[in-house]
$ cat my_file_1.tsv   # TSV, C-alpha atoms
chain	number	residue	atom	x	y	z
O	1	MET	CA	0.00	0.00	0.00
O	2	LYS	CA	2.87	2.28	0.87
O	3	PHE	CA	4.50	1.50	-2.49
O	4	SER	CA	1.27	2.25	-4.44
O	5	THR	CA	0.77	5.54	-2.66
O	6	ILE	CA	4.29	6.75	-3.27
O	7	LEU	CA	4.24	5.61	-6.90
O	8	GLY	CA	0.93	7.39	-7.50
O	9	CYS	CA	2.24	10.59	-5.97
O	10	ALA	CA	5.43	10.31	-8.00
O	11	ALA	CA	3.43	9.87	-11.20
O	12	MET	CA	1.37	12.97	-10.42
O	13	ALA	CA	4.57	14.86	-9.75
O	14	GLY	CA	5.93	13.60	-13.05
O	15	LEU	CA	2.87	14.86	-14.89
O	16	ALA	CA	3.27	18.21	-13.18
O	17	ALA	CA	6.86	18.31	-14.36
O	18	CYS	CA	5.63	17.87	-17.95
O	19	THR	CA	3.70	21.12	-17.72
O	20	GLY	CA	5.04	23.79	-20.10
O	21	ALA	CA	5.97	27.35	-19.28
O	22	GLY	CA	2.78	28.85	-20.73
O	23	PRO	CA	-0.95	28.57	-20.01
O	24	ARG	CA	-2.80	25.30	-20.54
O	25	THR	CA	-4.87	24.68	-23.65
O	26	ASN	CA	-8.12	24.68	-21.67
O	27	ALA	CA	-7.27	28.04	-20.11
O	28	ILE	CA	-6.83	29.60	-23.53
O	29	LEU	CA	-9.92	28.03	-25.09
O	30	ASN	CA	-12.25	28.69	-22.16
O	31	GLY	CA	-10.77	31.74	-20.48
O	32	ASP	CA	-12.87	34.50	-18.97
O	33	GLY	CA	-14.00	37.03	-21.55
O	34	VAL	CA	-13.01	34.91	-24.53
O	35	GLN	CA	-15.00	35.61	-27.70
O	36	LYS	CA	-15.20	32.64	-30.08
O	37	LEU	CA	-15.83	32.94	-33.78
O	38	GLU	CA	-17.99	30.31	-35.39
O	39	TYR	CA	-15.91	27.77	-37.24
O	40	GLU	CA	-16.69	25.31	-39.98
O	41	PRO	CA	-17.23	21.63	-39.22
O	42	VAL	CA	-14.25	19.32	-39.40
O	43	GLN	CA	-12.93	19.33	-42.95
O	44	PRO	CA	-13.39	16.01	-44.74
O	45	TYR	CA	-10.41	14.34	-46.33
O	46	VAL	CA	-9.50	11.18	-48.22
O	47	LEU	CA	-7.25	8.59	-46.54
O	48	VAL	CA	-5.15	6.38	-48.81
O	49	ASP	CA	-3.15	3.42	-47.51
O	50	LEU	CA	-0.02	3.01	-49.59
O	51	SER	CA	1.34	-0.35	-50.60
O	52	ALA	CA	4.22	-0.60	-53.06
O	53	ASN	CA	1.79	-1.07	-55.96
O	54	MET	CA	-0.50	1.70	-54.75
O	55	ALA	CA	2.47	4.06	-54.45
O	56	ASN	CA	3.26	3.43	-58.11
O	57	GLN	CA	-0.34	4.02	-59.12
O	58	VAL	CA	-0.71	7.20	-57.08
O	59	SER	CA	2.56	8.66	-58.39
O	60	ALA	CA	1.68	7.92	-62.02
O	61	THR	CA	-1.87	9.27	-61.72
O	62	LEU	CA	-1.30	12.36	-59.61
O	63	SER	CA	1.98	13.45	-61.22
O	64	GLU	CA	0.06	14.46	-64.35
O	65	ASP	CA	-3.03	15.73	-62.56
O	66	HIS	CA	-0.94	17.88	-60.22
O	67	PHE	CA	-0.08	20.39	-62.93
O	68	ASN	CA	-3.04	22.48	-64.03
O	69	PHE	CA	-2.27	24.53	-67.12
O	70	PHE	CA	-3.98	26.94	-69.45
O	71	LYS	CA	-6.10	25.42	-72.19
O	72	ASP	CA	-5.09	25.91	-75.80
O	73	SER	CA	-7.68	28.12	-77.47
O	74	GLY	CA	-5.72	28.33	-80.71
O	75	GLN	CA	-3.70	31.11	-82.22
O	76	ALA	CA	-5.51	34.41	-82.56
O	77	ALA	CA	-5.39	36.27	-85.84
O	78	VAL	CA	-2.43	38.61	-86.13
O	79	THR	CA	-3.79	42.14	-86.38
O	80	ILE	CA	-2.02	45.46	-86.60
O	81	GLY	CA	-2.01	47.56	-83.46
O	82	GLU	CA	-0.79	50.86	-82.11
O	83	ALA	CA	3.02	51.35	-82.25
O	84	ASP	CA	3.51	48.45	-84.69
O	85	ILE	CA	6.10	49.12	-87.40
O	86	VAL	CA	4.55	48.67	-90.86
O	87	GLN	CA	6.11	48.92	-94.30
O	88	VAL	CA	3.99	49.29	-97.45
O	89	THR	CA	5.27	48.57	-100.96
O	90	LEU	CA	3.31	49.62	-104.08
O	91	VAL	CA	3.81	47.83	-107.40
O	92	VAL	CA	2.15	49.24	-110.53
O	93	ASN	CA	2.14	47.78	-114.08
O	94	SER	CA	1.78	49.88	-117.25
O	95	ASP	CA	1.87	48.96	-120.94
O	96	SER	CA	3.55	52.26	-121.74
O	97	GLY	CA	6.16	51.64	-119.07
O	98	PHE	CA	7.83	53.77	-116.42
O	99	ILE	CA	11.10	55.60	-116.65
O	100	ASP	CA	13.69	53.99	-114.39
O	101	PHE	CA	16.21	56.76	-113.81
O	102	SER	CA	18.55	54.50	-111.82
O	103	GLN	CA	18.94	52.19	-114.82
O	104	SER	CA	18.37	54.81	-117.55
O	105	GLN	CA	15.68	52.70	-119.14
O	106	VAL	CA	11.94	52.23	-119.40
O	107	SER	CA	10.48	49.53	-117.16
O	108	PRO	CA	6.96	48.05	-117.35
O	109	VAL	CA	6.81	47.89	-113.56
O	110	SER	CA	7.08	50.68	-111.01
O	111	THR	CA	7.91	49.73	-107.43
O	112	THR	CA	7.56	52.25	-104.63
O	113	GLN	CA	8.58	51.29	-101.11
O	114	ILE	CA	7.12	53.59	-98.49
O	115	PRO	CA	9.51	53.97	-95.52
O	116	ALA	CA	8.63	51.87	-92.49
O	117	GLN	CA	6.46	53.77	-90.04
O	118	ALA	CA	4.85	53.27	-86.66
O	119	VAL	CA	1.09	53.03	-86.36
O	120	GLY	CA	-0.01	56.20	-84.60
O	121	SER	CA	-2.07	56.50	-81.45
O	122	ASP	CA	-5.05	57.10	-83.75
O	123	GLY	CA	-4.39	53.72	-85.39
O	124	GLN	CA	-3.48	55.26	-88.75
O	125	ILE	CA	-0.53	55.20	-91.16
O	126	ASN	CA	0.37	57.46	-94.08
O	127	VAL	CA	0.03	55.92	-97.58
O	128	PRO	CA	0.59	58.36	-100.47
O	129	PRO	CA	-1.39	59.26	-102.47
O	130	LEU	CA	-4.27	58.25	-100.18
O	131	GLY	CA	-3.11	60.08	-97.07
O	132	ARG	CA	-3.91	58.79	-93.56
O	133	ILE	CA	-5.35	55.28	-93.55
O	134	LEU	CA	-6.74	53.33	-90.59
O	135	ALA	CA	-4.56	50.23	-90.08
O	136	ARG	CA	-5.32	49.29	-86.47
O	137	GLY	CA	-7.42	46.16	-86.06
O	138	LYS	CA	-6.77	44.90	-89.60
O	139	SER	CA	-4.73	41.84	-90.48
O	140	VAL	CA	-1.90	42.21	-92.98
O	141	GLN	CA	-4.04	40.70	-95.73
O	142	GLU	CA	-7.03	42.87	-94.85
O	143	LEU	CA	-4.89	46.00	-95.06
O	144	GLU	CA	-3.43	44.88	-98.39
O	145	ASN	CA	-6.89	44.31	-99.85
O	146	PHE	CA	-8.16	47.63	-98.52
O	147	LEU	CA	-5.23	49.58	-99.97
O	148	ARG	CA	-5.49	47.81	-103.31
O	149	ARG	CA	-9.18	48.77	-103.64
O	150	ARG	CA	-8.50	52.40	-102.72
O	151	LEU	CA	-5.40	52.72	-104.92
O	152	SER	CA	-7.27	51.24	-107.89
O	153	GLU	CA	-9.21	54.50	-107.97
O	154	VAL	CA	-6.06	56.44	-108.86
O	155	LEU	CA	-3.59	53.83	-110.19
O	156	VAL	CA	-3.74	51.15	-112.86
O	157	ASN	CA	-3.78	47.57	-111.54
O	158	PRO	CA	-1.83	48.30	-108.36
O	159	THR	CA	-0.35	45.56	-106.21
O	160	VAL	CA	0.15	46.23	-102.51
O	161	ILE	CA	2.56	44.39	-100.20
O	162	VAL	CA	2.31	45.07	-96.46
O	163	ASN	CA	5.08	43.90	-94.15
O	164	LEU	CA	4.58	43.90	-90.39
O	165	VAL	CA	8.19	44.68	-89.48
O	166	ASP	CA	7.83	44.79	-85.68
O	167	ARG	CA	4.67	43.90	-83.80
O	168	ARG	CA	5.23	46.10	-80.80
O	169	SER	CA	1.58	46.09	-79.75
O	170	SER	CA	1.53	42.34	-79.08
O	171	ARG	CA	4.47	41.05	-77.14
O	172	VAL	CA	5.26	38.37	-74.63
O	173	SER	CA	8.13	38.42	-72.14
O	174	VAL	CA	10.52	35.56	-71.42
O	175	LEU	CA	12.39	35.84	-68.10
O	176	GLY	CA	14.65	33.80	-65.88
O	177	ALA	CA	17.14	31.07	-66.74
O	178	VAL	CA	17.12	31.40	-70.53
O	179	ARG	CA	20.00	32.41	-72.79
O	180	GLY	CA	18.29	35.46	-74.27
O	181	PRO	CA	15.57	36.88	-72.00
O	182	GLY	CA	13.47	39.77	-73.18
O	183	PRO	CA	10.25	40.82	-74.91
O	184	PHE	CA	9.30	39.07	-78.15
O	185	PRO	CA	6.63	39.99	-80.71
O	186	LEU	CA	3.82	37.54	-81.37
O	187	ASN	CA	3.22	36.41	-84.91
O	188	GLN	CA	2.18	33.28	-86.76
O	189	GLU	CA	5.71	31.85	-86.71
O	190	ASN	CA	6.37	32.11	-82.98
O	191	GLY	CA	2.89	32.33	-81.50
O	192	ARG	CA	3.27	29.23	-79.34
O	193	LEU	CA	5.18	28.44	-76.17
O	194	VAL	CA	7.93	26.20	-77.56
O	195	GLU	CA	8.69	28.51	-80.48
O	196	THR	CA	8.91	31.56	-78.23
O	197	LEU	CA	11.26	29.76	-75.83
O	198	ALA	CA	13.42	28.87	-78.82
O	199	LEU	CA	13.63	32.57	-79.74
O	200	ALA	CA	14.88	33.22	-76.20
O	201	GLY	CA	17.62	30.63	-76.68
O	202	GLY	CA	16.08	27.94	-74.48
O	203	PRO	CA	17.09	27.14	-70.88
O	204	VAL	CA	20.67	27.67	-69.77
O	205	GLY	CA	20.88	24.06	-68.53
O	206	ARG	CA	19.17	20.70	-68.82
O	207	ALA	CA	15.40	21.01	-69.16
O	208	GLU	CA	14.69	18.54	-66.34
O	209	ASN	CA	16.24	20.96	-63.84
O	210	TYR	CA	13.78	23.78	-64.48
O	211	MET	CA	10.17	24.77	-63.97
O	212	LEU	CA	8.22	26.88	-66.45
O	213	SER	CA	5.63	29.40	-65.27
O	214	LEU	CA	3.15	31.18	-67.52
O	215	SER	CA	1.37	34.24	-66.12
O	216	ARG	CA	-1.75	35.53	-67.83
O	217	ASN	CA	-4.42	37.96	-66.61
O	218	GLY	CA	-3.38	37.63	-62.98
O	219	GLN	CA	-3.20	33.82	-63.01
O	220	THR	CA	-0.01	31.75	-63.02
O	221	CYS	CA	0.37	28.09	-63.98
O	222	THR	CA	3.58	26.13	-63.50
O	223	ILE	CA	4.83	22.87	-65.01
O	224	PRO	CA	8.21	21.12	-65.23
O	225	LEU	CA	9.96	22.39	-68.35
O	226	GLU	CA	10.69	18.85	-69.53
O	227	ARG	CA	6.95	18.13	-69.55
O	228	LEU	CA	6.45	20.89	-72.12
O	229	TYR	CA	8.80	19.07	-74.48
O	230	GLN	CA	7.54	15.58	-73.65
O	231	ASP	CA	3.87	16.43	-74.21
O	232	SER	CA	3.93	19.42	-76.54
O	233	LYS	CA	0.51	18.52	-77.91
O	234	ARG	CA	-1.02	19.43	-74.57
O	235	TYR	CA	1.30	22.13	-73.25
O	236	ASN	CA	2.57	23.95	-76.36
O	237	ILE	CA	-0.33	26.36	-76.24
O	238	ALA	CA	-0.90	29.52	-78.24
O	239	LEU	CA	0.29	32.63	-76.43
O	240	ARG	CA	-1.60	35.85	-75.84
O	241	PRO	CA	-0.36	39.46	-75.80
O	242	GLY	CA	1.00	40.31	-72.37
O	243	ASP	CA	1.85	36.73	-71.39
O	244	VAL	CA	4.91	36.41	-69.14
O	245	ILE	CA	7.00	33.24	-69.34
O	246	SER	CA	9.47	32.51	-66.55
O	247	VAL	CA	12.00	29.67	-66.41
O	248	GLU	CA	13.36	29.04	-62.92
O	249	GLN	CA	15.45	26.41	-61.15
O	250	LYS	CA	13.25	23.54	-60.03
O	251	VAL	CA	12.82	23.51	-56.25
O	252	LEU	CA	10.49	21.24	-54.28
O	253	GLU	CA	9.71	22.46	-50.76
O	254	ILE	CA	8.58	19.74	-48.35
O	255	GLN	CA	7.89	20.01	-44.61
O	256	VAL	CA	8.86	17.21	-42.23
O	257	LEU	CA	7.11	17.19	-38.85
O	258	GLY	CA	6.61	14.88	-35.89
O	259	ALA	CA	8.73	11.98	-34.67
O	260	THR	CA	11.65	12.39	-37.04
O	261	ALA	CA	15.28	13.15	-36.30
O	262	SER	CA	14.75	16.73	-37.46
O	263	ASN	CA	11.63	18.83	-38.03
O	264	GLN	CA	12.37	21.19	-40.90
O	265	ARG	CA	11.42	22.53	-44.29
O	266	LEU	CA	13.54	20.86	-46.96
O	267	GLU	CA	14.32	22.02	-50.49
O	268	PHE	CA	15.17	19.67	-53.35
O	269	ASP	CA	16.29	20.61	-56.85
O	270	GLU	CA	16.19	17.09	-58.29
O	271	SER	CA	13.69	16.28	-61.02
O	272	THR	CA	12.21	13.37	-59.03
O	273	VAL	CA	12.09	13.16	-55.23
O	274	THR	CA	10.66	10.16	-53.40
O	275	LEU	CA	9.44	9.75	-49.84
O	276	SER	CA	12.53	7.71	-48.96
O	277	ASP	CA	14.74	10.55	-50.27
O	278	VAL	CA	13.05	13.03	-47.94
O	279	LEU	CA	13.18	10.76	-44.89
O	280	ALA	CA	16.86	10.08	-45.46
O	281	THR	CA	17.60	13.80	-45.74
O	282	ALA	CA	15.63	14.49	-42.55
O	283	GLY	CA	17.62	11.87	-40.64
O	284	GLY	CA	14.96	9.15	-40.57
O	285	LEU	CA	12.44	8.32	-37.86
O	286	GLN	CA	13.10	8.48	-34.11
O	287	ASN	CA	13.18	4.83	-33.11
O	288	THR	CA	12.10	5.44	-29.51
O	289	ARG	CA	9.34	7.88	-30.38
O	290	ALA	CA	7.82	7.20	-33.80
O	291	ASP	CA	4.65	5.23	-34.40
O	292	LEU	CA	5.76	3.01	-37.27
O	293	LYS	CA	2.15	2.60	-38.35
O	294	GLY	CA	1.63	6.37	-38.43
O	295	LEU	CA	3.68	7.87	-41.26
O	296	PHE	CA	1.43	10.31	-43.11
O	297	ILE	CA	1.80	12.56	-46.17
O	298	TYR	CA	-0.62	15.51	-46.40
O	299	ARG	CA	-1.43	16.89	-49.84
O	300	ASP	CA	-4.07	18.88	-51.71
O	301	ALA	CA	-4.42	16.37	-54.55
O	302	GLY	CA	-6.09	17.11	-57.86
O	303	LYS	CA	-9.73	16.07	-57.93
O	304	ALA	CA	-9.53	14.42	-61.35
O	305	GLY	CA	-6.60	12.28	-60.26
O	306	MET	CA	-8.32	11.18	-57.06
O	307	GLN	CA	-11.39	10.23	-59.06
O	308	SER	CA	-9.16	8.08	-61.27
O	309	LEU	CA	-7.91	6.33	-58.14
O	310	GLY	CA	-11.49	5.52	-57.14
O	311	ALA	CA	-12.14	8.20	-54.51
O	312	ASP	CA	-15.63	9.65	-54.13
O	313	THR	CA	-14.97	13.38	-54.54
O	314	SER	CA	-18.60	14.49	-54.76
O	315	GLY	CA	-18.44	16.08	-51.31
O	316	PHE	CA	-15.47	18.28	-52.13
O	317	GLY	CA	-15.65	21.68	-53.78
O	318	GLY	CA	-12.93	23.22	-55.90
O	319	GLU	CA	-10.32	21.45	-58.00
O	320	THR	CA	-8.38	19.78	-55.17
O	321	VAL	CA	-9.14	17.20	-52.51
O	322	PRO	CA	-7.47	17.22	-49.05
O	323	THR	CA	-5.74	13.85	-49.01
O	324	VAL	CA	-3.71	11.96	-46.42
O	325	PHE	CA	-1.50	9.08	-47.56
O	326	ARG	CA	-0.39	6.54	-44.93
O	327	ILE	CA	2.45	4.05	-44.94
O	328	ASP	CA	2.70	1.30	-42.33
O	329	MET	CA	6.44	0.99	-41.82
O	330	THR	CA	6.03	-2.34	-40.03
O	331	GLU	CA	5.05	-3.96	-43.32
O	332	PRO	CA	7.90	-5.79	-45.11
O	333	THR	CA	7.23	-3.90	-48.37
O	334	ALA	CA	6.95	-0.46	-46.76
O	335	LEU	CA	10.39	0.64	-47.94
O	336	PHE	CA	9.47	-0.28	-51.51
O	337	ALA	CA	6.42	1.96	-51.20
O	338	ALA	CA	8.51	4.81	-49.77
O	339	ALA	CA	11.03	4.49	-52.60
O	340	ARG	CA	8.29	4.61	-55.25
O	341	PHE	CA	6.08	7.36	-53.84
O	342	GLN	CA	6.91	10.62	-55.62
O	343	MET	CA	6.70	13.78	-53.55
O	344	GLN	CA	5.20	17.03	-54.77
O	345	ASP	CA	5.83	20.65	-53.92
O	346	GLU	CA	4.34	21.73	-50.55
O	347	ASP	CA	3.76	18.15	-49.34
O	348	ILE	CA	3.80	17.73	-45.55
O	349	ILE	CA	5.21	14.58	-43.95
O	350	TYR	CA	4.04	13.88	-40.41
O	351	VAL	CA	5.18	10.98	-38.23
O	352	ALA	CA	2.91	10.39	-35.23
O	353	ASP	CA	4.17	9.63	-31.73
O	354	SER	CA	3.64	6.12	-30.43
O	355	LEU	CA	1.75	5.41	-27.20
O	356	ASN	CA	4.93	3.99	-25.70
O	357	ALA	CA	6.63	7.33	-26.29
O	358	ASP	CA	3.94	9.07	-24.22
O	359	ILE	CA	4.32	6.53	-21.41
O	360	ARG	CA	8.10	6.84	-21.46
O	361	GLY	CA	7.70	10.61	-21.30
O	362	VAL	CA	5.66	10.38	-18.09
O	363	PHE	CA	7.99	7.94	-16.38
O	364	GLY	CA	11.01	9.86	-17.59
O	365	ALA	CA	9.72	12.96	-15.84
O	366	THR	CA	8.78	10.87	-12.78
O	367	ALA	CA	12.33	9.64	-12.46
O	368	LEU	CA	13.49	13.20	-11.96
O	369	LEU	CA	11.40	13.64	-8.78
O	370	ALA	CA	10.89	10.19	-7.22
O	371	PRO	CA	12.69	6.85	-6.93
O	372	VAL	CA	12.21	4.44	-9.79
O	373	PRO	CA	9.70	1.78	-8.57
O	374	ALA	CA	12.23	-1.05	-8.86
O	375	ASP	CA	14.74	0.86	-6.75
O	376	TYR	CA	12.10	1.51	-4.10
O	377	VAL	CA	11.19	-2.18	-3.89
O	378	ARG	CA	14.82	-3.19	-3.58
O	379	ASN	CA	15.72	-0.67	-0.90
O	380	GLU	CA	12.62	-0.74	1.28
O	381	THR	CA	11.11	-4.17	0.83
O	382	ILE	CA	13.93	-6.50	-0.09
O	383	GLY	CA	16.46	-4.66	2.08
O	384	SER	CA	14.26	-4.64	5.19
O	385	GLY	CA	14.44	-8.39	5.57
O	386	GLY	CA	18.24	-8.43	5.77
$ encode --input "my_file_1.tsv" --output "structure tokens"
Amino acid sequence: MKFSTILGCAAMAGLAACTGAGPRTNAILNGDGVQKLEYEPVQPYVLVDLSANMANQVSATLSEDHFNFFKDSGQAAVTIGEADIVQVTLVVNSDSGFIDFSQSQVSPVSTTQIPAQAVGSDGQINVPPLGRILARGKSVQELENFLRRRLSEVLVNPTVIVNLVDRRSSRVSVLGAVRGPGPFPLNQENGRLVETLALAGGPVGRAENYMLSLSRNGQTCTIPLERLYQDSKRYNIALRPGDVISVEQKVLEIQVLGATASNQRLEFDESTVTLSDVLATAGGLQNTRADLKGLFIYRDAGKAGMQSLGADTSGFGGETVPTVFRIDMTEPTALFAAARFQMQDEDIIYVADSLNADIRGVFGATALLAPVPADYVRNETIGSGG
């Protein structure tokens, strides 16, 4: 009875020793004068147990679904805009011929090249003998046809050639790790993503080491640069005026929390990073603390990909589904699953504490204030009979 009483008191003292320096949770949540805002019910999520085969399936399915990108709406017609540089050439035929003073002869064709000029703020250019002509909003062919009709009123069988020298009104910008960053005009020859990157000289290194971001109308989409080349049918979309393309070093940021050797935010610049890579970098699990059945990966997974895996996503709004992946590290094939599971940017790894770790924590604190039970039995009970 004496032993039980002392042990119970020691345990209570141990629990008291575990108390932190600040207020208790209950004191904060239910303190006097606290005003609580209404909160939403517990957020639903999908739980996926990962075997080696499931890790393969998840990685293959969600790696593609993870990258949302702009849809290809096709190349827009190239039209002339304000500040564009336009050059007009007039060609006229005549049976009687034209005097060519440079060659001192009569030529049946007269060619007049009007100096290149910028489209004014009023959208017009100067075309003698017609004067100021509205060019803004017309395609090159439309402007040629318009000028030919008007010039036919004063010239015999005129031919008009319009050259859009510099399309300053419709440009895209290429920034970052490319050989020739800068603004580039959009036209039919380089109106798509791959062609524009080629004009900028391409990435300064291997494509698999970079991410490509496209910003348009306040929205930014990012994909691995190598995916653009591997699946150009999907990702080589037509560009729009004002688009900003950025090529940056690939960096995956992953948080590691819980019963691991080190809680930290890790950065990886490899093209493929697996769960085992991250755990090794973080120093592995704490053997005396970790719940080997409780290794979790938190991710906002794409809804389409989760549907492909068989999840019922009808109760989730938006384009992503809060998802928790679990690996039971006591299973013989767990390391295969960890080596096959591909991590994504902003993933969170959490390793739960085991129940034994909590118990050891209590008795560890108890040992600081009271005799260990075995020592007490030896000294007081066994020793008293001697």
$ atom_distance --input "my_file_1.tsv" --atom1 "atom CA of Tyr210 of chain O" --atom2 "atom CA of Lys250 of chain O"
4.5 Å
$ closest_residue --input "my_file_1.tsv" --among "O:Val247, O:Ile237, O:Val162, O:Leu193" --to "Glu208 of chain O" --atoms "all atoms listed in the file"
O:Val247
$ closest_residue --input "my_file_1.tsv" --among "O:Leu47, O:Pro129, O:Pro181, O:Leu186" --to "Thr79 of chain O" --atoms "all atoms listed in the file"
O:Leu186
$ atom_distance --input "my_file_1.tsv" --atom1 "atom CA of Val174 of chain O" --atom2 "atom CA of Thr196 of chain O"
8.1 Å
$ closest_residue --input "my_file_1.tsv" --among "O:Glu267, O:Glu189, O:Glu248, O:Glu195" --to "Ala207 of chain O" --atoms "all atoms listed in the file"
O:Glu248
$ closest_residue --input "my_file_1.tsv" --among "O:Pro115, O:Gln43, O:Asp328, O:Leu164" --to "Gly81 of chain O" --atoms "all atoms listed in the file"
O:Leu164
$ residues_near_point --input "my_file_1.tsv" --point "(-8.9, 22.8, -73.4)" --cutoff "12 Å" --atoms "all atoms listed in the file" --output "list in words"
Asn68, Phe69, Phe70, Lys71, Asp72, Ser73, Gly74, Lys233, Arg234, Tyr235, Asn236, Ile237 and Ala238 of chain O
$ residues_near_point --input "my_file_1.tsv" --point "(-6.1, 44.3, -101.4)" --cutoff "12 Å" --atoms "all atoms listed in the file" --output "CSV table (one decimal) with C-alpha atoms, keeping the file's coordinate frame"
chain,number,residue,atom,x,y,z
O,88,VAL,CA,4.0,49.3,-97.4
O,90,LEU,CA,3.3,49.6,-104.1
O,138,LYS,CA,-6.8,44.9,-89.6
O,139,SER,CA,-4.7,41.8,-90.5
O,140,VAL,CA,-1.9,42.2,-93.0
O,141,GLN,CA,-4.0,40.7,-95.7
O,142,GLU,CA,-7.0,42.9,-94.8
O,143,LEU,CA,-4.9,46.0,-95.1
O,144,GLU,CA,-3.4,44.9,-98.4
O,145,ASN,CA,-6.9,44.3,-99.8
O,146,PHE,CA,-8.2,47.6,-98.5
O,147,LEU,CA,-5.2,49.6,-100.0
O,148,ARG,CA,-5.5,47.8,-103.3
O,149,ARG,CA,-9.2,48.8,-103.6
O,150,ARG,CA,-8.5,52.4,-102.7
O,151,LEU,CA,-5.4,52.7,-104.9
O,152,SER,CA,-7.3,51.2,-107.9
O,157,ASN,CA,-3.8,47.6,-111.5
O,158,PRO,CA,-1.8,48.3,-108.4
O,159,THR,CA,-0.4,45.6,-106.2
O,160,VAL,CA,0.2,46.2,-102.5
O,161,ILE,CA,2.6,44.4,-100.2
O,162,VAL,CA,2.3,45.1,-96.5
$ closest_residue --input "my_file_1.tsv" --among "O:Ala334, O:Ala304, O:Leu228, O:Ile349" --to "Leu62 of chain O" --atoms "all atoms listed in the file"
O:Ala304
$ atom_distance --input "my_file_1.tsv" --atom1 "atom CA of Gly283 of chain O" --atom2 "atom CA of Tyr350 of chain O"
13.7 Å
$ residues_around --input "my_file_1.tsv" --residues "Lys293 of chain O" --least-positions-apart "2" --cutoff "12 Å" --atoms "all atoms listed in the file" --output "MDAnalysis selection string"
chainID O and resid 49:50 285 289:291 295:296 325:331 334 350:355
$ residues_around --input "my_file_1.tsv" --residues "Leu197 of chain O" --least-positions-apart "3" --cutoff "10 Å" --atoms "all atoms listed in the file" --output "ChimeraX atom specification"
/O:173-175,178-181,184,190,192-194,200-203,245-247
$ build_atoms --input "my_file_1.tsv" --residues "segment 193-205 of chain O" --atoms "N, CA and C atoms" --output "PDB file, in the coordinates of the input"
ATOM      1  N   LEU O 193       4.244  28.431 -77.289  1.00  0.00           N
ATOM      2  CA  LEU O 193       5.180  28.440 -76.170  1.00  0.00           C
ATOM      3  C   LEU O 193       6.566  27.930 -76.558  1.00  0.00           C
ATOM      4  N   VAL O 194       6.630  26.781 -77.209  1.00  0.00           N
ATOM      5  CA  VAL O 194       7.930  26.200 -77.560  1.00  0.00           C
ATOM      6  C   VAL O 194       8.703  27.112 -78.502  1.00  0.00           C
ATOM      7  N   GLU O 195       8.017  27.647 -79.509  1.00  0.00           N
ATOM      8  CA  GLU O 195       8.690  28.510 -80.480  1.00  0.00           C
ATOM      9  C   GLU O 195       9.217  29.790 -79.829  1.00  0.00           C
ATOM     10  N   THR O 196       8.458  30.336 -78.898  1.00  0.00           N
ATOM     11  CA  THR O 196       8.910  31.560 -78.230  1.00  0.00           C
ATOM     12  C   THR O 196      10.105  31.276 -77.326  1.00  0.00           C
ATOM     13  N   LEU O 197      10.102  30.133 -76.636  1.00  0.00           N
ATOM     14  CA  LEU O 197      11.260  29.760 -75.830  1.00  0.00           C
ATOM     15  C   LEU O 197      12.498  29.574 -76.701  1.00  0.00           C
ATOM     16  N   ALA O 198      12.295  29.037 -77.895  1.00  0.00           N
ATOM     17  CA  ALA O 198      13.420  28.870 -78.820  1.00  0.00           C
ATOM     18  C   ALA O 198      14.002  30.228 -79.210  1.00  0.00           C
ATOM     19  N   LEU O 199      13.136  31.223 -79.428  1.00  0.00           N
ATOM     20  CA  LEU O 199      13.630  32.570 -79.740  1.00  0.00           C
ATOM     21  C   LEU O 199      14.473  33.128 -78.596  1.00  0.00           C
ATOM     22  N   ALA O 200      14.123  32.750 -77.363  1.00  0.00           N
ATOM     23  CA  ALA O 200      14.880  33.220 -76.200  1.00  0.00           C
ATOM     24  C   ALA O 200      16.124  32.382 -75.947  1.00  0.00           C
ATOM     25  N   GLY O 201      16.412  31.425 -76.810  1.00  0.00           N
ATOM     26  CA  GLY O 201      17.620  30.630 -76.680  1.00  0.00           C
ATOM     27  C   GLY O 201      17.482  29.379 -75.850  1.00  0.00           C
ATOM     28  N   GLY O 202      16.284  29.129 -75.295  1.00  0.00           N
ATOM     29  CA  GLY O 202      16.080  27.940 -74.480  1.00  0.00           C
ATOM     30  C   GLY O 202      16.707  28.080 -73.103  1.00  0.00           C
ATOM     31  N   PRO O 203      16.543  27.069 -72.241  1.00  0.00           N
ATOM     32  CA  PRO O 203      17.090  27.140 -70.880  1.00  0.00           C
ATOM     33  C   PRO O 203      18.610  27.093 -70.894  1.00  0.00           C
ATOM     34  N   VAL O 204      19.214  27.633 -69.845  1.00  0.00           N
ATOM     35  CA  VAL O 204      20.670  27.670 -69.770  1.00  0.00           C
ATOM     36  C   VAL O 204      21.257  26.314 -69.386  1.00  0.00           C
ATOM     37  N   GLY O 205      20.422  25.396 -68.909  1.00  0.00           N
ATOM     38  CA  GLY O 205      20.880  24.060 -68.530  1.00  0.00           C
ATOM     39  C   GLY O 205      19.934  23.001 -69.039  1.00  0.00           C
TER      40      GLY O 205
END
